[in-house]
Amino acid sequence: MSDLTPDAIRAALQDHLDPVIGKSLLEAEVIREVQVRNGIAQVQIELGFPAAGYREQLGESIRGTLRTKLGVEAQVQVGWSIRSQSVQGQLQPIAGVRNVIAVASGKGGVGKSTVSVNLALALLAEGARVGILDADIYGPSQPRMLGTTEKPRSPDGKVMLPIEALGLQAMSIGFLIDEDQPMIWRGPMATQGLMQLVFETRWQDLDYLIVDLPPGTGDIQLTLSQRIPVSGAVVVTTPQDIALIDARKGLQMFRKVEVPILGLVENMSFFCCPNCGHRSEIFGAGGGDRMSEQYGVEVLGRIPLDGRIREQADGGRPTVAAEPESQMSAIYRDIARRAAARLAHGGLGEDFPQISIADD
Ligand code: ADP
């Protein structure tokens, strides 16, 4: 086609909505270069988040749009560059870490630690350098979930080197104390100890540090979310109303300290019978959606209640590491990409349904 120009290609992609980014490619400013060579459109996309498991699908959908709108074939290259996003207040970023994502829950037992480690592994699988900091002093479960009891080394008696496990850099209070030793830290001592873990670990060139916060929304959690330089937060909940009430407090806590909320993860959302495949919403349905509407936050994804998730996490090889190509890993990877996309490209665009923000 002789009248094919870069401008015509850009115009054709103007309304191309990307379901992971949540806005159009143009609005998200991810179209890096557009050229025409020998009548073929060449498009270079640079995402702000890792997308090894999504690049092909995105390329295919862009090719589809250009075929439909302009009747041309296209070569599409999808790459990414993960930049550091701003943190709250006047805080200094952590050395060696581009972005901190906090994972919180209104109460214990909703699967926050399991979601944290699988999100970290999912970002790794998507192509990022990732670390995990287990800040859950009351029940540090990352050593078990990462299948390691190695003690961190210190090269100089001041900083600690993170443990390498399953491809992640990891630090946990659980590496420093015995599992059966009761955790008697309270209030200021707990936060001080945790801040040491955050700042005195020598993280190495991380795109993302996932921080598994202690469950709840008390003083320690509030202090941590004020003092750890966080770029965005993910709140984990189960679908029951009672858990949602607690999750709401989590959202309010991050609002108070001006940390952007990347979205909600609904864990143990439904159960698929392993024998007949029947799907049942045993804890009720729609809770995450209602909260999403009320608070203007997105549900990043829903994870089923599945015995394998528990067995794999508790056995030291969480689902995304144990079965990277499984349906369940695909869910975690989708959630991870969405969270990282919100961080890099902001909230949902105007082309998507807008949700009003209401406080209690
Ligand atoms: P929290 O950090 O919120 O206290 P955990 O991540 O430790 O919760 O999870 C509590 C228990 O539930 C663990 O034994 C974990 O393996 C299990 N679990 C978490 N998510 C799921 C799930 N989607 N399906 C089945 N078991 C799960």
# chains A, B, ... in the order shown; residues from 1 in each chain; ligands from 1
$ residues_near_ligand --ligand "ligand 1" --cutoff "10 Å" --atoms "only C-alpha atoms and all ligand atoms" --output "JSON, numbers by chain"
{"A": [103, 104, 105, 106, 107, 108, 109, 110, 111, 112, 113, 114, 115, 116, 117, 118, 134, 136, 138, 139, 140, 141, 142, 145, 212, 213, 214, 215, 216, 236, 237, 238, 266, 267, 268, 269, 270, 271, 302, 303, 304, 305, 306, 307, 308, 309, 310, 311, 312, 313, 314, 315, 318, 328]}
$ residues_around --residues "segment 20-36 of chain A" --least-positions-apart "3" --cutoff "10 Å" --atoms "only C-alpha atoms" --output "VMD selection string"
chain A and resid 4 to 11 13 to 17 39 to 49 51 54 58 62 74 to 80 300 334 to 335 337 to 352
$ select_by_dssp --residues "segment 50-137 of chain A" --states "alpha helix (DSSP H)" --output "PyMOL selection string"
chain A and resi 55-70+112-125
$ residues_around --residues "Leu123 of chain A" --least-positions-apart "5" --cutoff "8 Å" --atoms "only C-alpha atoms" --output "PyMOL selection string"
chain A and resi 50+128-130+333+336-337
$ closest_residue --among "A:Gly127, A:Pro274, A:Gly71, A:Gly296" --to "Gly53 of chain A" --atoms "only C-alpha atoms"
A:Gly127
$ select_by_dssp --residues "segment 189-241 of chain A" --states "strand (DSSP E)" --output "VMD selection string"
chain A and resid 206 to 212 232 to 237
$ closest_atom_pairs --of "segment 163-236 of chain A" --to "segment 146-151 of chain A" --cutoff "7 Å" --atoms "only C-alpha atoms" --output "Markdown table"
| residue | atom | partner | partner_atom | distance |
| --- | --- | --- | --- | --- |
| A:Ala165 | CA | A:Leu146 | CA | 6.2 |
| A:Leu166 | CA | A:Leu146 | CA | 6.9 |
| A:Phe175 | CA | A:Lys151 | CA | 5.4 |
| A:Leu176 | CA | A:Lys151 | CA | 6.4 |
$ write_last_selection --atoms "N, CA, C and O atoms" --output "CSV table (one decimal), in the first residue's frame"
chain,number,residue,atom,x,y,z
A,165,ALA,N,17.2,-17.9,46.4
A,165,ALA,CA,16.4,-19.1,46.4
A,165,ALA,C,15.4,-19.0,45.2
A,165,ALA,O,14.7,-18.0,45.0
A,166,LEU,N,15.3,-20.1,44.5
A,166,LEU,CA,14.4,-20.2,43.3
A,166,LEU,C,14.5,-19.0,42.4
A,166,LEU,O,13.6,-18.6,41.7
A,175,PHE,N,15.2,-16.3,58.6
A,175,PHE,CA,16.5,-16.8,58.4
A,175,PHE,C,17.5,-16.5,59.6
A,175,PHE,O,18.5,-17.1,59.7
A,176,LEU,N,17.0,-15.6,60.4
A,176,LEU,CA,17.9,-15.2,61.5
A,176,LEU,C,17.6,-15.8,62.8
A,176,LEU,O,18.4,-15.8,63.7
$ closest_residue --among "A:Leu262, A:Ala135, A:Leu197, A:Met171" --to "Val299 of chain A" --atoms "only C-alpha atoms"
A:Leu262
$ atom_distance --atom1 "atom CA of Gly284 of chain A" --atom2 "atom CA of Leu121 of chain A"
28.7 Å
$ closest_residue --among "A:Met189, A:Val235, A:Leu222, A:Leu206" --to "Ala170 of chain A" --atoms "only C-alpha atoms"
A:Leu206
$ residues_around --residues "Ile228 of chain A" --least-positions-apart "5" --cutoff "12 Å" --atoms "only C-alpha atoms" --output "PyMOL selection string"
chain A and resi 87-94+97+99-102+133+135+191-192+194-199+209-213+220-223+233+254+257+259
$ decode --residues "segment 122-154 of chain A" --atoms "N, CA and C atoms" --output "short mmCIF file (atom, residue, chain, number, x, y, z; two decimals), in the first residue's frame"
data_model
loop_
_atom_site.label_atom_id
_atom_site.label_comp_id
_atom_site.auth_asym_id
_atom_site.auth_seq_id
_atom_site.Cartn_x
_atom_site.Cartn_y
_atom_site.Cartn_z
N ALA A 122 6.36 -14.91 39.74
CA ALA A 122 5.70 -14.59 38.47
C ALA A 122 6.42 -13.44 37.77
N LEU A 123 6.82 -12.42 38.53
CA LEU A 123 7.55 -11.29 37.92
C LEU A 123 8.90 -11.77 37.39
N LEU A 124 9.49 -12.71 38.11
CA LEU A 124 10.76 -13.31 37.65
C LEU A 124 10.53 -14.05 36.33
N ALA A 125 9.47 -14.85 36.29
CA ALA A 125 9.17 -15.61 35.07
C ALA A 125 8.88 -14.68 33.90
N GLU A 126 8.35 -13.49 34.21
CA GLU A 126 8.05 -12.53 33.14
C GLU A 126 9.31 -11.80 32.66
N GLY A 127 10.41 -11.96 33.40
CA GLY A 127 11.66 -11.39 32.91
C GLY A 127 12.27 -10.31 33.77
N ALA A 128 11.81 -10.16 35.03
CA ALA A 128 12.37 -9.11 35.89
C ALA A 128 13.36 -9.71 36.90
N ARG A 129 14.15 -8.82 37.52
CA ARG A 129 15.00 -9.23 38.65
C ARG A 129 14.22 -8.91 39.91
N VAL A 130 14.03 -9.92 40.75
CA VAL A 130 13.07 -9.77 41.84
C VAL A 130 13.63 -10.25 43.17
N GLY A 131 13.24 -9.53 44.22
CA GLY A 131 13.58 -9.95 45.57
C GLY A 131 12.32 -10.04 46.40
N ILE A 132 12.42 -10.77 47.50
CA ILE A 132 11.27 -10.83 48.42
C ILE A 132 11.77 -10.59 49.84
N LEU A 133 11.09 -9.68 50.52
CA LEU A 133 11.42 -9.40 51.91
C LEU A 133 10.24 -9.85 52.76
N ASP A 134 10.51 -10.79 53.62
CA ASP A 134 9.47 -11.31 54.51
C ASP A 134 9.45 -10.44 55.75
N ALA A 135 8.49 -9.52 55.81
CA ALA A 135 8.41 -8.62 56.95
C ALA A 135 7.36 -9.10 57.95
N ASP A 136 6.87 -10.32 57.74
CA ASP A 136 5.84 -10.87 58.62
C ASP A 136 6.50 -11.47 59.86
N ILE A 137 6.80 -10.57 60.82
CA ILE A 137 7.54 -11.02 62.00
C ILE A 137 6.78 -12.03 62.84
N TYR A 138 5.45 -11.99 62.74
CA TYR A 138 4.67 -12.90 63.60
C TYR A 138 4.66 -14.32 63.06
N GLY A 139 4.81 -14.45 61.78
CA GLY A 139 4.83 -15.79 61.19
C GLY A 139 5.64 -15.77 59.92
N PRO A 140 6.97 -15.63 60.06
CA PRO A 140 7.78 -15.56 58.84
C PRO A 140 7.72 -16.88 58.08
N SER A 141 7.00 -16.92 56.98
CA SER A 141 6.80 -18.19 56.30
C SER A 141 7.62 -18.32 55.02
N GLN A 142 8.33 -17.24 54.63
CA GLN A 142 9.08 -17.33 53.37
C GLN A 142 10.19 -18.37 53.39
N PRO A 143 10.94 -18.55 54.53
CA PRO A 143 11.96 -19.60 54.50
C PRO A 143 11.37 -20.96 54.12
N ARG A 144 10.20 -21.27 54.67
CA ARG A 144 9.56 -22.55 54.34
C ARG A 144 9.09 -22.56 52.89
N MET A 145 8.48 -21.46 52.47
CA MET A 145 7.94 -21.42 51.10
C MET A 145 9.05 -21.42 50.06
N LEU A 146 10.21 -20.87 50.42
CA LEU A 146 11.34 -20.85 49.47
C LEU A 146 12.23 -22.08 49.65
N GLY A 147 11.88 -22.91 50.65
CA GLY A 147 12.60 -24.16 50.85
C GLY A 147 14.05 -23.97 51.26
N THR A 148 14.31 -22.94 52.09
CA THR A 148 15.71 -22.75 52.51
C THR A 148 15.80 -22.31 53.97
N THR A 149 16.84 -22.77 54.64
CA THR A 149 17.07 -22.33 56.02
C THR A 149 18.47 -21.74 56.13
N GLU A 150 19.03 -21.43 54.97
CA GLU A 150 20.38 -20.86 54.94
C GLU A 150 20.42 -19.57 55.77
N LYS A 151 21.52 -19.33 56.41
CA LYS A 151 21.67 -18.07 57.17
C LYS A 151 22.36 -17.03 56.28
N PRO A 152 21.84 -15.79 56.29
CA PRO A 152 22.48 -14.76 55.46
C PRO A 152 23.91 -14.49 55.93
N ARG A 153 24.78 -14.21 54.99
CA ARG A 153 26.16 -13.88 55.32
C ARG A 153 26.32 -12.36 55.32
N SER A 154 27.30 -11.92 56.11
CA SER A 154 27.62 -10.50 56.10
C SER A 154 29.08 -10.33 55.72
#
